[in-house]
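Let me begin by presenting the structure, written as structure tokens, before commenting on it.
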Amino acid sequence: QVQLVESGGGLVQAGGSLRLSCAASGRTFSSYAMGWFRQAPGKEREFVAAISSSGGITYYTDSVKGRFTVSRDNAKNTVYLQMNSLKPEDTAVYYCAADQPGSSYYASPRGHEYDYWGQGTQVTVSS
């Protein structure tokens, strides 16, 4: 069982930055691939970024490439999402999720493959 708690959301002007954190409980955090997803009002949940359990492999959706960076600190049981050059279209509730894939060098962009989810943190970008 893994419990995930996101933090770091808030209101920011377009062009600004935020860093989201996701703290995980449990002693097996280093065996989980971690993903970030978001859901805007009236829209379906979408993949944002993911990082393998080893931290060596990262994936991003095209709309955030070059602006967002996912990282993890296994010693602190925490995964981060650094978001720069934020745009109004980045406004959403951001969720972190945990998955145990078969490889430490893989992380899925598919939400249904993740077993554990946090409660979400709101990010609002004003124009």
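Every chain in the structure tokens takes a letter, A first, then B, and so on in the order presented; its residues are numbered from 1, and the ligands are numbered from 1 following the presented order.
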
I'd like the contact shell of region 81-92 of chain A - 6 Å cut-off, only C-alpha atoms, skipping same-chain residues fewer than 5 positions apart - returned as an mmCIF file with all heavy atoms, in the first residue's frame.
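Result file follows (around.cif):
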```
data_model
loop_
_atom_site.group_PDB
_atom_site.id
_atom_site.type_symbol
_atom_site.label_atom_id
_atom_site.label_comp_id
_atom_site.auth_asym_id
_atom_site.auth_seq_id
_atom_site.Cartn_x
_atom_site.Cartn_y
_atom_site.Cartn_z
ATOM 1 N N ALA A 14 0.912 33.834 -15.807
ATOM 2 C CA ALA A 14 1.500 33.224 -16.991
ATOM 3 C C ALA A 14 2.980 33.603 -17.077
ATOM 4 O O ALA A 14 3.349 34.757 -16.836
ATOM 5 C CB ALA A 14 0.761 33.674 -18.235
ATOM 6 N N GLY A 15 3.794 32.606 -17.409
ATOM 7 C CA GLY A 15 5.236 32.812 -17.464
ATOM 8 C C GLY A 15 5.945 32.477 -16.176
ATOM 9 O O GLY A 15 7.181 32.394 -16.143
ATOM 10 N N GLY A 16 5.180 32.271 -15.123
ATOM 11 C CA GLY A 16 5.757 31.959 -13.828
ATOM 12 C C GLY A 16 6.078 30.490 -13.665
ATOM 13 O O GLY A 16 5.945 29.688 -14.598
ATOM 14 N N SER A 17 6.512 30.141 -12.451
ATOM 15 C CA SER A 17 6.939 28.780 -12.155
ATOM 16 C C SER A 17 6.314 28.277 -10.855
ATOM 17 O O SER A 17 5.991 29.066 -9.961
ATOM 18 C CB SER A 17 8.464 28.715 -12.009
ATOM 19 O OG SER A 17 9.126 29.075 -13.192
ATOM 20 N N LEU A 18 6.155 26.976 -10.789
ATOM 21 C CA LEU A 18 5.742 26.287 -9.571
ATOM 22 C C LEU A 18 6.483 24.967 -9.521
ATOM 23 O O LEU A 18 6.823 24.397 -10.569
ATOM 24 C CB LEU A 18 4.246 26.008 -9.555
ATOM 25 C CG LEU A 18 3.278 27.151 -9.249
ATOM 26 C CD1 LEU A 18 1.839 26.680 -9.455
ATOM 27 C CD2 LEU A 18 3.476 27.684 -7.849
ATOM 28 N N ARG A 19 6.702 24.475 -8.314
ATOM 29 C CA ARG A 19 7.241 23.132 -8.152
ATOM 30 C C ARG A 19 6.282 22.321 -7.308
ATOM 31 O O ARG A 19 6.021 22.656 -6.148
ATOM 32 C CB ARG A 19 8.623 23.129 -7.495
ATOM 33 C CG ARG A 19 9.233 21.718 -7.514
ATOM 34 C CD ARG A 19 10.641 21.672 -6.970
ATOM 35 N NE ARG A 19 10.682 21.629 -5.517
ATOM 36 C CZ ARG A 19 11.700 21.106 -4.824
ATOM 37 N NH1 ARG A 19 12.748 20.591 -5.472
ATOM 38 N NH2 ARG A 19 11.689 21.114 -3.506
ATOM 39 N N LEU A 20 5.755 21.275 -7.913
ATOM 40 C CA LEU A 20 4.886 20.356 -7.202
ATOM 41 C C LEU A 20 5.717 19.253 -6.564
ATOM 42 O O LEU A 20 6.714 18.806 -7.129
ATOM 43 C CB LEU A 20 3.859 19.741 -8.139
ATOM 44 C CG LEU A 20 2.990 20.703 -8.946
ATOM 45 C CD1 LEU A 20 1.965 19.921 -9.764
ATOM 46 C CD2 LEU A 20 2.324 21.730 -8.061
ATOM 47 N N ARG A 38 -2.996 15.405 -15.018
ATOM 48 C CA ARG A 38 -3.780 16.601 -14.690
ATOM 49 C C ARG A 38 -5.164 16.498 -15.300
ATOM 50 O O ARG A 38 -5.372 15.798 -16.293
ATOM 51 C CB ARG A 38 -3.073 17.862 -15.158
ATOM 52 C CG ARG A 38 -2.948 17.999 -16.667
ATOM 53 C CD ARG A 38 -2.085 19.214 -17.010
ATOM 54 N NE ARG A 38 -1.937 19.388 -18.460
ATOM 55 C CZ ARG A 38 -1.122 20.277 -19.017
ATOM 56 N NH1 ARG A 38 -0.386 21.085 -18.247
ATOM 57 N NH2 ARG A 38 -1.053 20.371 -20.326
ATOM 58 N N GLN A 39 -6.081 17.204 -14.670
ATOM 59 C CA GLN A 39 -7.451 17.244 -15.170
ATOM 60 C C GLN A 39 -7.982 18.658 -15.029
ATOM 61 O O GLN A 39 -8.076 19.193 -13.918
ATOM 62 C CB GLN A 39 -8.343 16.252 -14.424
ATOM 63 C CG GLN A 39 -9.731 16.144 -15.017
ATOM 64 C CD GLN A 39 -10.498 14.952 -14.488
ATOM 65 O OE1 GLN A 39 -10.194 14.414 -13.420
ATOM 66 N NE2 GLN A 39 -11.492 14.507 -15.231
ATOM 67 N N ALA A 40 -8.321 19.240 -16.163
ATOM 68 C CA ALA A 40 -8.916 20.568 -16.191
ATOM 69 C C ALA A 40 -10.434 20.436 -16.135
ATOM 70 O O ALA A 40 -10.977 19.385 -16.505
ATOM 71 C CB ALA A 40 -8.497 21.300 -17.460
ATOM 72 N N ARG A 67 9.425 22.677 -20.799
ATOM 73 C CA ARG A 67 8.934 23.589 -19.754
ATOM 74 C C ARG A 67 8.859 22.887 -18.391
ATOM 75 O O ARG A 67 9.103 23.518 -17.362
ATOM 76 C CB ARG A 67 7.551 24.121 -20.107
ATOM 77 C CG ARG A 67 7.506 24.907 -21.403
ATOM 78 C CD ARG A 67 6.149 25.600 -21.585
ATOM 79 N NE ARG A 67 5.040 24.655 -21.658
ATOM 80 C CZ ARG A 67 3.976 24.674 -20.854
ATOM 81 N NH1 ARG A 67 3.893 25.589 -19.887
ATOM 82 N NH2 ARG A 67 3.004 23.791 -21.013
ATOM 83 N N PHE A 68 8.496 21.623 -18.380
ATOM 84 C CA PHE A 68 8.338 20.863 -17.137
ATOM 85 C C PHE A 68 9.474 19.851 -16.997
ATOM 86 O O PHE A 68 9.962 19.307 -17.988
ATOM 87 C CB PHE A 68 7.018 20.100 -17.124
ATOM 88 C CG PHE A 68 5.784 20.944 -17.028
ATOM 89 C CD1 PHE A 68 5.810 22.323 -17.171
ATOM 90 C CD2 PHE A 68 4.542 20.339 -16.779
ATOM 91 C CE1 PHE A 68 4.665 23.088 -17.074
ATOM 92 C CE2 PHE A 68 3.387 21.088 -16.675
ATOM 93 C CZ PHE A 68 3.449 22.468 -16.838
ATOM 94 N N THR A 69 9.851 19.601 -15.752
ATOM 95 C CA THR A 69 10.864 18.597 -15.458
ATOM 96 C C THR A 69 10.410 17.740 -14.281
ATOM 97 O O THR A 69 10.076 18.278 -13.220
ATOM 98 C CB THR A 69 12.213 19.245 -15.104
ATOM 99 O OG1 THR A 69 12.647 20.081 -16.185
ATOM 100 C CG2 THR A 69 13.270 18.184 -14.844
ATOM 101 N N VAL A 70 10.398 16.437 -14.501
ATOM 102 C CA VAL A 70 10.056 15.505 -13.430
ATOM 103 C C VAL A 70 11.349 14.935 -12.847
ATOM 104 O O VAL A 70 12.289 14.642 -13.586
ATOM 105 C CB VAL A 70 9.118 14.386 -13.934
ATOM 106 C CG1 VAL A 70 9.751 13.569 -15.044
ATOM 107 C CG2 VAL A 70 8.656 13.504 -12.778
ATOM 108 N N VAL A 123 -3.561 23.835 -9.611
ATOM 109 C CA VAL A 123 -2.667 24.805 -10.227
ATOM 110 C C VAL A 123 -3.510 25.721 -11.107
ATOM 111 O O VAL A 123 -4.239 25.244 -11.985
ATOM 112 C CB VAL A 123 -1.582 24.112 -11.079
ATOM 113 C CG1 VAL A 123 -0.786 25.137 -11.878
ATOM 114 C CG2 VAL A 123 -0.655 23.292 -10.191
ATOM 115 N N THR A 124 -3.420 27.008 -10.846
ATOM 116 C CA THR A 124 -4.164 27.986 -11.621
ATOM 117 C C THR A 124 -3.182 29.006 -12.182
ATOM 118 O O THR A 124 -2.425 29.621 -11.440
ATOM 119 C CB THR A 124 -5.212 28.699 -10.761
ATOM 120 O OG1 THR A 124 -6.100 27.716 -10.182
ATOM 121 C CG2 THR A 124 -6.035 29.667 -11.605
ATOM 122 N N VAL A 125 -3.211 29.155 -13.501
ATOM 123 C CA VAL A 125 -2.326 30.099 -14.177
ATOM 124 C C VAL A 125 -3.176 31.212 -14.775
ATOM 125 O O VAL A 125 -4.035 30.959 -15.626
ATOM 126 C CB VAL A 125 -1.499 29.404 -15.275
ATOM 127 C CG1 VAL A 125 -0.499 30.388 -15.886
ATOM 128 C CG2 VAL A 125 -0.775 28.190 -14.714
ATOM 129 N N SER A 126 -2.939 32.418 -14.323
ATOM 130 C CA SER A 126 -3.716 33.558 -14.807
ATOM 131 C C SER A 126 -3.006 34.215 -15.995
ATOM 132 O O SER A 126 -1.780 34.227 -16.077
ATOM 133 C CB SER A 126 -3.922 34.574 -13.693
ATOM 134 O OG SER A 126 -2.677 35.097 -13.278
ATOM 135 N N SER A 127 -3.813 34.760 -16.879
ATOM 136 C CA SER A 127 -3.240 35.400 -18.085
ATOM 137 C C SER A 127 -2.931 36.868 -17.853
ATOM 138 O O SER A 127 -3.305 37.448 -16.847
ATOM 139 C CB SER A 127 -4.205 35.246 -19.250
ATOM 140 O OG SER A 127 -5.444 35.798 -18.920
#
```

DSSP helix (DSSP H, G or I) residues within chain A, listed as a list in words: Phe29, Ser30, Ser31, Asp62, Ser63, Val64, Pro88, Glu89, Asp90, Gly111, His112 and Glu113 of chain A

Based on the selection just made, write C-alpha atoms of those residues as a PDB file, in the first residue's frame.
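Output saved as result30.pdb:
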```pdb
ATOM      1  CA  PHE A  29       8.995   3.915  -2.957  1.00  0.00           C
ATOM      2  CA  SER A  30      12.130   3.223  -4.954  1.00  0.00           C
ATOM      3  CA  SER A  31      10.410   0.306  -6.679  1.00  0.00           C
ATOM      4  CA  ASP A  62       4.392  17.144 -25.998  1.00  0.00           C
ATOM      5  CA  SER A  63       2.693  20.230 -24.611  1.00  0.00           C
ATOM      6  CA  VAL A  64       5.026  20.431 -21.595  1.00  0.00           C
ATOM      7  CA  PRO A  88      -3.191  29.466 -18.733  1.00  0.00           C
ATOM      8  CA  GLU A  89      -3.856  26.129 -20.447  1.00  0.00           C
ATOM      9  CA  ASP A  90      -1.783  24.421 -17.742  1.00  0.00           C
ATOM     10  CA  GLY A 111      -3.295   6.312 -16.211  1.00  0.00           C
ATOM     11  CA  HIS A 112      -5.115   3.003 -15.912  1.00  0.00           C
ATOM     12  CA  GLU A 113      -1.798   1.259 -15.283  1.00  0.00           C
TER      13      GLU A 113
END
```

Check the DSSP output for the backbone and give back, as a VMD selection string, the residues of chain A in strand (DSSP E or B). chain A and resid 4 to 7 10 to 13 18 to 24 33 to 39 46 to 51 58 to 60 68 to 73 78 to 83 92 to 99 116 to 117 121 to 126

Gap from CA of Thr61 (chain A) to CA of Ala97 (chain A) - Å, one decimal: 15.7 Å

Quick one: distance from CA of Gly55 (chain A) to CA of Gln122 (chain A) in Å, one decimal? 25.2 Å

Tell me, as a list of chain:residue names, which residues lie within 12 Å of Asp73 (chain A), counting only C-alpha atoms; anything in the same chain fewer than 3 positions away does not count.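 Skipping anything fewer than 3 positions along the chain leaves A:Ser21, A:Cys22, A:Ala23, A:Ala24, A:Phe29, A:Ser30, A:Met34, A:Ile51, A:Ser52, A:Ser53, A:Ser54, A:Gly55, A:Gly56, A:Val70, A:Lys76, A:Asn77, A:Thr78, A:Val79, A:Tyr80, A:Leu81.
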
Just the residues within 10 Å of Thr28 (chain A), please, counting only C-alpha atoms, with nothing from its chain fewer than 5 positions along; format it as a VMD selection string. chain A and resid 1 to 2 74 77

Mind dumping the selected residues with N, CA and C atoms as an mmCIF file, in the first residue's frame?
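Result file follows (result_12.cif):
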```cif
data_model
loop_
_atom_site.group_PDB
_atom_site.id
_atom_site.type_symbol
_atom_site.label_atom_id
_atom_site.label_comp_id
_atom_site.auth_asym_id
_atom_site.auth_seq_id
_atom_site.Cartn_x
_atom_site.Cartn_y
_atom_site.Cartn_z
ATOM 1 N N GLN A 1 0.843 -1.181 0.000
ATOM 2 C CA GLN A 1 0.000 0.000 0.000
ATOM 3 C C GLN A 1 0.892 1.249 0.000
ATOM 4 N N VAL A 2 0.559 2.190 -0.844
ATOM 5 C CA VAL A 2 1.294 3.455 -0.939
ATOM 6 C C VAL A 2 0.292 4.590 -0.820
ATOM 7 N N ASN A 74 14.634 9.340 -4.052
ATOM 8 C CA ASN A 74 14.195 8.103 -3.398
ATOM 9 C C ASN A 74 14.530 8.089 -1.909
ATOM 10 N N ASN A 77 11.567 9.761 -0.468
ATOM 11 C CA ASN A 77 10.261 9.241 -0.901
ATOM 12 C C ASN A 77 9.416 10.325 -1.573
#
```

Residue neighbourhood Cys96 (chain A), 6 Å, only C-alpha atoms, exclusion window fewer than 6 positions, as an mmCIF file with all heavy atoms, in the first residue's frame:
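File out-v4.cif, as written:
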```cif
data_model
loop_
_atom_site.group_PDB
_atom_site.id
_atom_site.type_symbol
_atom_site.label_atom_id
_atom_site.label_comp_id
_atom_site.auth_asym_id
_atom_site.auth_seq_id
_atom_site.Cartn_x
_atom_site.Cartn_y
_atom_site.Cartn_z
ATOM 1 N N GLY A 35 4.067 8.864 -11.899
ATOM 2 C CA GLY A 35 3.524 9.680 -12.975
ATOM 3 C C GLY A 35 2.823 10.914 -12.446
ATOM 4 O O GLY A 35 2.364 10.932 -11.299
ATOM 5 N N TRP A 36 2.785 11.937 -13.277
ATOM 6 C CA TRP A 36 1.996 13.139 -13.011
ATOM 7 C C TRP A 36 0.919 13.227 -14.091
ATOM 8 O O TRP A 36 1.215 13.095 -15.291
ATOM 9 C CB TRP A 36 2.852 14.391 -13.042
ATOM 10 C CG TRP A 36 3.724 14.574 -11.845
ATOM 11 C CD1 TRP A 36 5.044 14.243 -11.715
ATOM 12 C CD2 TRP A 36 3.343 15.150 -10.579
ATOM 13 N NE1 TRP A 36 5.496 14.566 -10.462
ATOM 14 C CE2 TRP A 36 4.472 15.127 -9.741
ATOM 15 C CE3 TRP A 36 2.142 15.671 -10.076
ATOM 16 C CZ2 TRP A 36 4.455 15.608 -8.428
ATOM 17 C CZ3 TRP A 36 2.114 16.144 -8.771
ATOM 18 C CH2 TRP A 36 3.262 16.114 -7.961
ATOM 19 N N TRP A 117 -3.020 6.707 -6.261
ATOM 20 C CA TRP A 117 -3.190 8.098 -6.675
ATOM 21 C C TRP A 117 -3.258 8.998 -5.445
ATOM 22 O O TRP A 117 -3.790 8.612 -4.397
ATOM 23 C CB TRP A 117 -4.482 8.261 -7.473
ATOM 24 C CG TRP A 117 -4.432 7.589 -8.797
ATOM 25 C CD1 TRP A 117 -4.634 6.251 -9.053
ATOM 26 C CD2 TRP A 117 -4.154 8.194 -10.056
ATOM 27 N NE1 TRP A 117 -4.490 5.996 -10.393
ATOM 28 C CE2 TRP A 117 -4.189 7.173 -11.039
ATOM 29 C CE3 TRP A 117 -3.858 9.494 -10.452
ATOM 30 C CZ2 TRP A 117 -3.965 7.421 -12.385
ATOM 31 C CZ3 TRP A 117 -3.637 9.750 -11.792
ATOM 32 C CH2 TRP A 117 -3.689 8.719 -12.739
ATOM 33 N N GLY A 118 -2.735 10.224 -5.608
ATOM 34 C CA GLY A 118 -2.899 11.220 -4.577
ATOM 35 C C GLY A 118 -4.233 11.937 -4.728
ATOM 36 O O GLY A 118 -5.014 11.645 -5.630
#
```

Might you pull out every residue within 6 Å of Asp99 (chain A), with only C-alpha atoms counted and same-chain residues fewer than 6 positions away left off, and present them as a list in words?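 My list of contacting residues is Tyr32, Ala33, Tyr114 and Asp115 of chain A.
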
Print the selection's residues with N, CA and C atoms to a file, as an mmCIF file, in the first residue's frame.
```
data_model
loop_
_atom_site.group_PDB
_atom_site.id
_atom_site.type_symbol
_atom_site.label_atom_id
_atom_site.label_comp_id
_atom_site.auth_asym_id
_atom_site.auth_seq_id
_atom_site.Cartn_x
_atom_site.Cartn_y
_atom_site.Cartn_z
ATOM 1 N N TYR A 32 8.748 1.965 -7.336
ATOM 2 C CA TYR A 32 7.604 2.472 -8.080
ATOM 3 C C TYR A 32 8.014 3.487 -9.140
ATOM 4 N N ALA A 33 7.471 3.296 -10.328
ATOM 5 C CA ALA A 33 7.487 4.377 -11.305
ATOM 6 C C ALA A 33 6.429 5.388 -10.885
ATOM 7 N N TYR A 114 -1.682 2.762 -13.380
ATOM 8 C CA TYR A 114 -1.208 3.199 -12.070
ATOM 9 C C TYR A 114 -2.149 2.694 -10.979
ATOM 10 N N ASP A 115 -1.542 2.223 -9.892
ATOM 11 C CA ASP A 115 -2.300 1.589 -8.825
ATOM 12 C C ASP A 115 -2.702 2.555 -7.716
#
```
